[in-house]
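Q: Okay, so here is target-v8.cif, and as you'll see once you scroll down, it has mmCIF, C-alpha atoms.
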data_final
#
loop_
_atom_site.group_PDB
_atom_site.id
_atom_site.type_symbol
_atom_site.label_atom_id
_atom_site.label_comp_id
_atom_site.auth_asym_id
_atom_site.auth_seq_id
_atom_site.Cartn_x
_atom_site.Cartn_y
_atom_site.Cartn_z
ATOM 1 C CA MET B 123 -9.804 -26.687 -43.054
ATOM 2 C CA GLY B 124 -13.036 -28.039 -44.561
ATOM 3 C CA CYS B 125 -15.987 -29.526 -42.767
ATOM 4 C CA PRO B 126 -15.934 -33.284 -42.176
ATOM 5 C CA PRO B 127 -17.964 -35.318 -44.676
ATOM 6 C CA VAL B 128 -21.568 -36.044 -43.780
ATOM 7 C CA PRO B 129 -21.927 -39.793 -43.110
ATOM 8 C CA ASP B 130 -24.141 -41.833 -45.409
ATOM 9 C CA ARG B 131 -27.568 -42.945 -44.210
ATOM 10 C CA ILE B 132 -28.517 -46.494 -43.311
ATOM 11 C CA ALA B 133 -30.971 -48.358 -45.550
ATOM 12 C CA SER B 134 -34.171 -48.186 -43.535
ATOM 13 C CA GLY B 135 -35.981 -51.473 -43.053
ATOM 14 C CA VAL B 136 -32.957 -53.771 -43.129
ATOM 15 C CA VAL B 137 -31.269 -53.605 -39.717
ATOM 16 C CA PHE B 138 -32.886 -50.432 -38.421
ATOM 17 C CA THR B 139 -36.073 -48.608 -39.392
ATOM 18 C CA THR B 140 -36.034 -44.820 -39.450
ATOM 19 C CA PRO B 141 -38.899 -43.608 -37.221
ATOM 20 C CA PRO B 142 -41.235 -40.877 -38.473
ATOM 21 C CA SER B 143 -40.524 -37.404 -37.145
ATOM 22 C CA LEU B 144 -41.959 -36.883 -33.691
ATOM 23 C CA PRO B 145 -44.590 -34.131 -33.473
ATOM 24 C CA ARG B 146 -43.577 -30.934 -31.708
ATOM 25 C CA GLY B 147 -45.400 -29.674 -28.638
ATOM 26 C CA ARG B 148 -48.382 -31.525 -27.203
ATOM 27 C CA HIS B 149 -49.227 -34.832 -28.850
ATOM 28 C CA GLU B 150 -51.062 -38.068 -28.134
ATOM 29 C CA LEU B 151 -48.103 -40.427 -28.442
ATOM 30 C CA ALA B 152 -47.491 -42.632 -25.427
ATOM 31 C CA ARG B 153 -44.183 -42.158 -23.645
ATOM 32 C CA ASP B 154 -43.115 -45.674 -24.626
ATOM 33 C CA GLN B 155 -43.577 -44.777 -28.300
ATOM 34 C CA VAL B 156 -41.482 -41.643 -27.921
ATOM 35 C CA VAL B 157 -38.710 -43.485 -26.064
ATOM 36 C CA ALA B 158 -38.671 -46.303 -28.640
ATOM 37 C CA ALA B 159 -38.446 -43.830 -31.521
ATOM 38 C CA GLN B 160 -35.656 -41.870 -29.842
ATOM 39 C CA ARG B 161 -33.742 -45.066 -29.078
ATOM 40 C CA GLU B 162 -33.977 -46.232 -32.696
ATOM 41 C CA LYS B 163 -32.792 -42.826 -33.914
ATOM 42 C CA MET B 164 -29.784 -42.982 -31.583
ATOM 43 C CA LEU B 165 -28.859 -46.486 -32.748
ATOM 44 C CA ILE B 166 -29.104 -45.310 -36.346
ATOM 45 C CA ALA B 167 -27.029 -42.195 -35.649
ATOM 46 C CA ALA B 168 -24.303 -44.177 -33.883
ATOM 47 C CA THR B 169 -24.170 -46.667 -36.759
ATOM 48 C CA GLU B 170 -23.936 -43.949 -39.406
ATOM 49 C CA LEU B 171 -21.271 -42.031 -37.497
ATOM 50 C CA LEU B 172 -19.237 -45.176 -36.831
ATOM 51 C CA ALA B 173 -19.329 -46.086 -40.517
ATOM 52 C CA GLY B 174 -18.534 -42.572 -41.702
ATOM 53 C CA ALA B 175 -16.186 -41.134 -39.080
ATOM 54 C CA GLY B 176 -14.681 -44.165 -37.362
ATOM 55 C CA TYR B 177 -14.863 -44.837 -33.634
ATOM 56 C CA ARG B 178 -12.683 -41.898 -32.589
ATOM 57 C CA GLY B 179 -14.422 -39.460 -34.907
ATOM 58 C CA PHE B 180 -17.521 -38.811 -32.812
ATOM 59 C CA GLY B 181 -18.953 -38.839 -29.323
ATOM 60 C CA VAL B 182 -22.248 -38.683 -27.472
ATOM 61 C CA ARG B 183 -22.732 -35.058 -28.533
ATOM 62 C CA GLU B 184 -22.575 -35.992 -32.220
ATOM 63 C CA ILE B 185 -24.938 -38.930 -31.733
ATOM 64 C CA CYS B 186 -27.471 -36.657 -30.026
ATOM 65 C CA ALA B 187 -27.157 -33.970 -32.683
ATOM 66 C CA ARG B 188 -27.604 -36.437 -35.537
ATOM 67 C CA ALA B 189 -30.527 -38.166 -33.822
ATOM 68 C CA ALA B 190 -32.077 -34.838 -32.733
ATOM 69 C CA VAL B 191 -32.409 -35.967 -29.121
ATOM 70 C CA SER B 192 -31.216 -34.504 -25.834
ATOM 71 C CA ARG B 193 -28.244 -35.802 -23.878
ATOM 72 C CA ALA B 194 -30.686 -36.634 -21.089
ATOM 73 C CA ALA B 195 -32.594 -38.889 -23.501
ATOM 74 C CA PHE B 196 -29.329 -40.543 -24.505
ATOM 75 C CA TYR B 197 -28.301 -41.305 -20.926
ATOM 76 C CA ASP B 198 -31.790 -42.586 -20.154
ATOM 77 C CA ASN B 199 -31.036 -45.348 -22.681
ATOM 78 C CA PHE B 200 -27.279 -45.905 -22.690
ATOM 79 C CA ALA B 201 -24.446 -45.615 -20.191
ATOM 80 C CA ASP B 202 -22.034 -44.229 -22.787
ATOM 81 C CA LYS B 203 -21.115 -44.207 -26.477
ATOM 82 C CA ASP B 204 -19.779 -47.761 -26.397
ATOM 83 C CA ALA B 205 -23.002 -49.108 -24.898
ATOM 84 C CA CYS B 206 -24.984 -47.501 -27.708
ATOM 85 C CA ILE B 207 -22.690 -48.967 -30.381
ATOM 86 C CA HIS B 208 -22.728 -52.411 -28.758
ATOM 87 C CA THR B 209 -26.535 -52.375 -28.737
ATOM 88 C CA ALA B 210 -26.575 -51.434 -32.419
ATOM 89 C CA TYR B 211 -24.096 -54.218 -33.194
ATOM 90 C CA ASP B 212 -26.208 -56.756 -31.318
ATOM 91 C CA ARG B 213 -29.191 -55.755 -33.481
ATOM 92 C CA PHE B 214 -27.084 -56.168 -36.636
ATOM 93 C CA ILE B 215 -26.063 -59.680 -35.606
ATOM 94 C CA GLU B 216 -29.608 -60.722 -34.675
ATOM 95 C CA VAL B 217 -30.913 -59.543 -38.059
ATOM 96 C CA LEU B 218 -28.071 -61.328 -39.841
ATOM 97 C CA MET B 219 -28.682 -64.568 -37.915
ATOM 98 C CA SER B 220 -32.432 -64.390 -38.517
ATOM 99 C CA ARG B 221 -31.985 -63.904 -42.269
ATOM 100 C CA LEU B 222 -29.438 -66.715 -42.455
ATOM 101 C CA ALA B 223 -31.608 -69.103 -40.450
ATOM 102 C CA ALA B 224 -34.522 -68.411 -42.806
ATOM 103 C CA GLY B 225 -32.646 -68.406 -46.115
ATOM 104 C CA ALA B 226 -29.639 -70.698 -45.810
ATOM 105 C CA VAL B 227 -30.206 -74.393 -46.543
ATOM 106 C CA SER B 228 -26.753 -75.025 -48.026
ATOM 107 C CA ILE B 229 -23.305 -73.440 -48.077
ATOM 108 C CA ASP B 230 -24.283 -71.695 -51.301
ATOM 109 C CA GLY B 231 -27.408 -70.303 -49.634
ATOM 110 C CA PHE B 232 -25.430 -69.291 -46.552
ATOM 111 C CA VAL B 233 -22.822 -67.347 -48.540
ATOM 112 C CA THR B 234 -25.405 -65.743 -50.825
ATOM 113 C CA THR B 235 -27.675 -64.686 -47.948
ATOM 114 C CA TYR B 236 -24.724 -63.398 -45.905
ATOM 115 C CA LEU B 237 -23.566 -61.221 -48.797
ATOM 116 C CA GLN B 238 -27.099 -60.046 -49.593
ATOM 117 C CA VAL B 239 -27.664 -58.840 -46.031
ATOM 118 C CA LEU B 240 -24.396 -56.894 -46.033
ATOM 119 C CA ASP B 241 -25.062 -55.505 -49.501
ATOM 120 C CA SER B 242 -28.579 -54.376 -48.561
ATOM 121 C CA ASP B 243 -27.251 -51.960 -45.914
ATOM 122 C CA ARG B 244 -23.636 -51.088 -46.655
ATOM 123 C CA VAL B 245 -23.528 -48.419 -43.939
ATOM 124 C CA ALA B 246 -24.397 -50.910 -41.203
ATOM 125 C CA ALA B 247 -22.113 -53.477 -42.835
ATOM 126 C CA ARG B 248 -19.166 -51.094 -42.855
ATOM 127 C CA ALA B 249 -19.836 -49.977 -39.276
ATOM 128 C CA PHE B 250 -19.928 -53.495 -37.874
ATOM 129 C CA GLN B 251 -17.633 -55.387 -40.243
ATOM 130 C CA VAL B 252 -14.865 -52.777 -40.575
ATOM 131 C CA GLU B 253 -15.002 -50.127 -37.832
ATOM 132 C CA MET B 254 -16.324 -52.122 -34.877
ATOM 133 C CA ASP B 255 -12.992 -53.676 -33.890
ATOM 134 C CA ALA B 256 -11.672 -50.259 -32.813
ATOM 135 C CA LEU B 257 -13.870 -50.486 -29.702
ATOM 136 C CA GLY B 258 -11.379 -52.880 -28.138
ATOM 137 C CA ARG B 259 -11.771 -56.063 -26.128
ATOM 138 C CA PRO B 260 -15.551 -55.931 -25.486
ATOM 139 C CA ALA B 261 -16.150 -55.559 -29.221
ATOM 140 C CA ARG B 262 -13.791 -58.418 -29.995
ATOM 141 C CA ARG B 263 -15.674 -60.618 -27.515
ATOM 142 C CA ARG B 264 -18.926 -59.819 -29.289
ATOM 143 C CA ARG B 265 -17.332 -60.537 -32.659
ATOM 144 C CA ARG B 266 -16.038 -63.926 -31.488
ATOM 145 C CA ALA B 267 -19.436 -64.857 -30.049
ATOM 146 C CA ALA B 268 -21.134 -63.893 -33.316
ATOM 147 C CA ILE B 269 -18.621 -65.857 -35.386
ATOM 148 C CA GLU B 270 -19.151 -68.933 -33.216
ATOM 149 C CA ARG B 271 -22.907 -68.668 -33.801
ATOM 150 C CA LEU B 272 -22.381 -68.322 -37.552
ATOM 151 C CA ALA B 273 -19.995 -71.276 -37.529
ATOM 152 C CA ALA B 274 -22.508 -73.446 -35.667
ATOM 153 C CA LEU B 275 -25.181 -72.464 -38.182
ATOM 154 C CA ILE B 276 -23.093 -73.404 -41.215
ATOM 155 C CA ALA B 277 -21.972 -76.626 -39.521
ATOM 156 C CA GLY B 278 -25.627 -77.554 -39.091
ATOM 157 C CA LEU B 279 -26.166 -77.269 -42.847
ATOM 158 C CA ARG B 280 -23.727 -80.072 -43.578
ATOM 159 C CA ASP B 281 -23.540 -83.767 -42.774
ATOM 160 C CA ALA B 282 -19.832 -83.661 -42.008
ATOM 161 C CA PRO B 283 -19.229 -84.904 -38.457
ATOM 162 C CA GLY B 284 -15.506 -85.203 -39.162
ATOM 163 C CA VAL B 285 -15.080 -81.454 -39.591
ATOM 164 C CA PRO B 286 -14.502 -79.773 -36.194
ATOM 165 C CA LEU B 287 -16.322 -76.599 -35.213
ATOM 166 C CA ASN B 288 -12.982 -74.745 -35.206
ATOM 167 C CA ALA B 289 -12.688 -75.383 -38.944
ATOM 168 C CA HIS B 290 -16.075 -73.743 -39.460
ATOM 169 C CA ILE B 291 -15.003 -70.850 -37.227
ATOM 170 C CA GLY B 292 -11.890 -70.390 -39.379
ATOM 171 C CA ALA B 293 -14.018 -70.406 -42.522
ATOM 172 C CA ILE B 294 -16.314 -67.713 -41.105
ATOM 173 C CA TYR B 295 -13.327 -65.577 -40.100
ATOM 174 C CA ALA B 296 -12.023 -65.832 -43.658
ATOM 175 C CA LEU B 297 -15.424 -65.015 -45.187
ATOM 176 C CA ARG B 298 -15.819 -62.052 -42.856
ATOM 177 C CA GLN B 299 -12.343 -60.725 -43.650
ATOM 178 C CA ILE B 300 -12.830 -60.935 -47.417
ATOM 179 C CA THR B 301 -16.115 -59.046 -47.238
ATOM 180 C CA SER B 302 -14.649 -56.519 -44.788
ATOM 181 C CA ASP B 303 -11.762 -55.846 -47.171
ATOM 182 C CA ALA B 304 -14.228 -55.316 -50.015
ATOM 183 C CA LEU B 305 -16.217 -52.844 -47.907
ATOM 184 C CA ASP B 306 -13.040 -51.022 -46.864
ATOM 185 C CA ALA B 307 -11.622 -50.746 -50.377
ATOM 186 C CA GLY B 308 -13.738 -47.725 -51.275
ATOM 187 C CA GLY B 309 -16.319 -47.312 -53.988
ATOM 188 C CA THR B 310 -19.445 -49.438 -54.085
ATOM 189 C CA PRO B 311 -18.419 -53.029 -54.762
ATOM 190 C CA ASP B 312 -21.169 -55.535 -55.536
ATOM 191 C CA LEU B 313 -20.736 -57.852 -52.574
ATOM 192 C CA THR B 314 -23.146 -60.428 -53.981
ATOM 193 C CA ALA B 315 -20.835 -60.823 -56.987
ATOM 194 C CA LEU B 316 -18.348 -62.493 -54.622
ATOM 195 C CA ALA B 317 -20.663 -65.485 -54.098
ATOM 196 C CA PRO B 318 -19.620 -67.574 -57.160
ATOM 197 C CA GLU B 319 -15.982 -67.332 -56.062
ATOM 198 C CA LEU B 320 -16.473 -67.726 -52.316
ATOM 199 C CA THR B 321 -18.968 -70.606 -52.306
ATOM 200 C CA PRO B 322 -16.766 -73.301 -53.920
ATOM 201 C CA TRP B 323 -13.767 -72.047 -51.970
ATOM 202 C CA LEU B 324 -15.641 -72.333 -48.670
ATOM 203 C CA THR B 325 -16.960 -75.765 -49.649
ATOM 204 C CA ARG B 326 -13.443 -77.041 -50.365
ATOM 205 C CA MET B 327 -12.165 -75.531 -47.125
ATOM 206 C CA LEU B 328 -14.714 -77.530 -45.126
ATOM 207 C CA LYS B 329 -14.298 -80.886 -46.862
ATOM 208 C CA GLU B 330 -13.707 -83.866 -44.600
#
Write the structure described by the file as structure tokens, please.

A:
Amino acid sequence: MGCPPVPDRIASGVVFTTPPSLPRGRHELARDQVVAAQREKMLIAATELLAGAGYRGFGVREICARAAVSRAAFYDNFADKDACIHTAYDRFIEVLMSRLAAGAVSIDGFVTTYLQVLDSDRVAARAFQVEMDALGRPARRRRRAAIERLAALIAGLRDAPGVPLNAHIGAIYALRQITSDALDAGGTPDLTALAPELTPWLTRMLKE
């Protein structure tokens, strides 16, 4: 039986930023700097393992090994594996919302920016668009909350008071599912190439 495949790496600087290697032995770094670097490395490791191995394919031990931190350091930051993944997911959503708020002034801009963010870090996108649901009810609650925020954002881009928020929520669910299917299909699909097809479709879906 062969070794399991090594998960792909995140794209540093999009959702997470890979910290520089910590110096060995005595150093002048403040404890807060060390803790912050270790925490970022654990969030990155959990994201990469979730994307590459699926939720059931790894545990705290694998996160610590990939992040090169001790189990004590892990439990100083997170109660368990799920807490680490949820924290990473929350970061993903905040980055996505921030990029959308800055770059989306129309439905076309919303769809294009959404796809660009996912395309710029496919590992994080796969982890949190495809694999996240396996965490169960708490993950589904987070997903629903995120979708409601995205729906409110896209509703604010349009002067369409006759379209209920639930219609925008349905549109976001559909957009999310189409991109999730593309990420799950294998290979390296160009997610941004979906924009010309998805934008008019989403616009028609939300017509009064």

Q: I need the residue nearest Ala277 in chain B from this list: B:Gly174, B:Arg248, B:Ser143, B:Leu324. Use only C-alpha atoms for the distance.

A: B:Leu324

Q: Can you list what the PyMOL selection byres ((chain B and resi 167) around 9) grabs from this structure, as a ChimeraX atom specification?

A: /B:131-132,162-166,168-172,184-189

Q: Report, in Å to a single decimal, how far apart CA of Asp198 in chain B and CA of Arg183 in chain B are.

A: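 If I compute the distance from CA of Arg183 in chain B to CA of Asp198 in chain B, I get 14.5 Å.
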
Q: Determine the residue set returned by the PyMOL selection byres ((chain B and resi 241) around 10) for the present structure, and present it as a ChimeraX atom specification.

A: /B:235-240,242-248,301,305,310-314

Q: Calculated over all atoms listed in the file, which of the candidates B:Arg178, B:Ala315, B:Val136, B:Leu144 has the smallest distance to Arg213 in chain B?

A: B:Val136

Q: Taking only C-alpha atoms into account, name the residue in B:Pro283, B:Ala267, B:Arg161, B:Pro318 that is nearest to Ala210 in chain B.

A: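 Nearest to Ala210 in chain B: B:Arg161.
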
Q: So, with all atoms listed in the file as the atoms that count, which of B:Ala249, B:Ala173, B:Ala296, B:Met254 lies closest to Ala273 in chain B?

A: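 Ranked by minimum distance to Ala273 in chain B, first place goes to B:Ala296.
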
Q: Find the distance between CA of Glu216 in chain B and CA of Arg265 in chain B and write it in Å to one decimal.

A: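 Atom-to-atom, CA of Glu216 in chain B and CA of Arg265 in chain B are spaced 12.4 Å apart.
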
Q: With all atoms listed in the file as the basis for distance, which of B:Asp130, B:Asp212, B:Asp154, B:Glu319 is at the shortest distance from Leu297 in chain B?

A: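 That would be B:Glu319, the residue with the smallest distance to Leu297 in chain B.
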
Q: Any chance you could work out the residue set of the PyMOL selection byres ((chain B and resi 230) around 9) here, as a list in words?

A: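 With the shown file as input, the PyMOL selection byres ((chain B and resi 230) around 9) matches Ala226, Val227, Ser228, Ile229, Gly231, Phe232, Val233, Thr234, Thr235, Ala317, Pro318, Leu320, Thr321, Pro322 and Thr325 of chain B.
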
Q: Can you tell me how far CA of Leu316 in chain B sits from CA of Leu272 in chain B, in Å to one decimal?

A: 18.5 Å

Q: Taking all atoms listed in the file into account, which of B:Glu270, B:Thr140, B:Ile300, B:Leu275 comes nearest Ser220 in chain B?

A: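 Of B:Glu270, B:Thr140, B:Ile300, B:Leu275, the one nearest Ser220 in chain B is B:Leu275, counting all atoms listed in the file.
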
Q: Taking all atoms of range 219-227 of chain B that appear in the file, build a box with edges along x, y and z, extend it by 3 Å on every side, and state its centre and edge lengths in Å to one decimal, as AutoDock Vina command-line options.

A:
--center_x -31.6 --center_y -69.1 --center_z -42.2 --size_x 11.8 --size_y 16.5 --size_z 14.6

Q: Starting from the sparse input, extend range 154-176 of chain B to N, CA and C atoms and give the output as a short mmCIF file (atom, residue, chain, number, x, y, z; two decimals), keeping the file's coordinate frame.

A:
data_model
loop_
_atom_site.label_atom_id
_atom_site.label_comp_id
_atom_site.auth_asym_id
_atom_site.auth_seq_id
_atom_site.Cartn_x
_atom_site.Cartn_y
_atom_site.Cartn_z
N ASP B 154 -43.86 -44.53 -24.11
CA ASP B 154 -43.12 -45.67 -24.63
C ASP B 154 -42.83 -45.53 -26.12
N GLN B 155 -43.78 -44.98 -26.86
CA GLN B 155 -43.58 -44.78 -28.30
C GLN B 155 -42.48 -43.75 -28.55
N VAL B 156 -42.50 -42.69 -27.77
CA VAL B 156 -41.48 -41.64 -27.92
C VAL B 156 -40.10 -42.20 -27.59
N VAL B 157 -40.00 -42.92 -26.48
CA VAL B 157 -38.71 -43.48 -26.06
C VAL B 157 -38.20 -44.47 -27.11
N ALA B 158 -39.09 -45.32 -27.63
CA ALA B 158 -38.67 -46.30 -28.64
C ALA B 158 -38.17 -45.61 -29.91
N ALA B 159 -38.87 -44.56 -30.32
CA ALA B 159 -38.45 -43.83 -31.52
C ALA B 159 -37.10 -43.15 -31.30
N GLN B 160 -36.93 -42.53 -30.14
CA GLN B 160 -35.66 -41.87 -29.84
C GLN B 160 -34.51 -42.88 -29.79
N ARG B 161 -34.77 -44.03 -29.19
CA ARG B 161 -33.74 -45.07 -29.08
C ARG B 161 -33.32 -45.56 -30.47
N GLU B 162 -34.30 -45.79 -31.33
CA GLU B 162 -33.98 -46.23 -32.70
C GLU B 162 -33.16 -45.17 -33.43
N LYS B 163 -33.53 -43.91 -33.26
CA LYS B 163 -32.79 -42.83 -33.91
C LYS B 163 -31.36 -42.75 -33.41
N MET B 164 -31.15 -43.01 -32.13
CA MET B 164 -29.78 -42.98 -31.58
C MET B 164 -28.96 -44.16 -32.09
N LEU B 165 -29.57 -45.33 -32.19
CA LEU B 165 -28.86 -46.49 -32.75
C LEU B 165 -28.47 -46.23 -34.20
N ILE B 166 -29.39 -45.64 -34.95
CA ILE B 166 -29.10 -45.31 -36.35
C ILE B 166 -27.98 -44.29 -36.43
N ALA B 167 -28.06 -43.24 -35.62
CA ALA B 167 -27.03 -42.20 -35.65
C ALA B 167 -25.66 -42.76 -35.31
N ALA B 168 -25.59 -43.59 -34.27
CA ALA B 168 -24.30 -44.18 -33.88
C ALA B 168 -23.74 -45.05 -35.00
N THR B 169 -24.61 -45.81 -35.66
CA THR B 169 -24.17 -46.67 -36.76
C THR B 169 -23.63 -45.84 -37.92
N GLU B 170 -24.36 -44.79 -38.29
CA GLU B 170 -23.94 -43.95 -39.41
C GLU B 170 -22.63 -43.23 -39.09
N LEU B 171 -22.50 -42.73 -37.88
CA LEU B 171 -21.27 -42.03 -37.50
C LEU B 171 -20.09 -42.99 -37.41
N LEU B 172 -20.31 -44.19 -36.90
CA LEU B 172 -19.24 -45.18 -36.83
C LEU B 172 -18.76 -45.54 -38.23
N ALA B 173 -19.69 -45.74 -39.14
CA ALA B 173 -19.33 -46.09 -40.52
C ALA B 173 -18.62 -44.94 -41.22
N GLY B 174 -19.06 -43.71 -40.95
CA GLY B 174 -18.53 -42.57 -41.70
C GLY B 174 -17.33 -41.90 -41.09
N ALA B 175 -17.25 -41.88 -39.75
CA ALA B 175 -16.19 -41.13 -39.08
C ALA B 175 -15.20 -42.02 -38.33
N GLY B 176 -15.52 -43.30 -38.18
CA GLY B 176 -14.68 -44.16 -37.36
C GLY B 176 -14.96 -43.94 -35.89
#
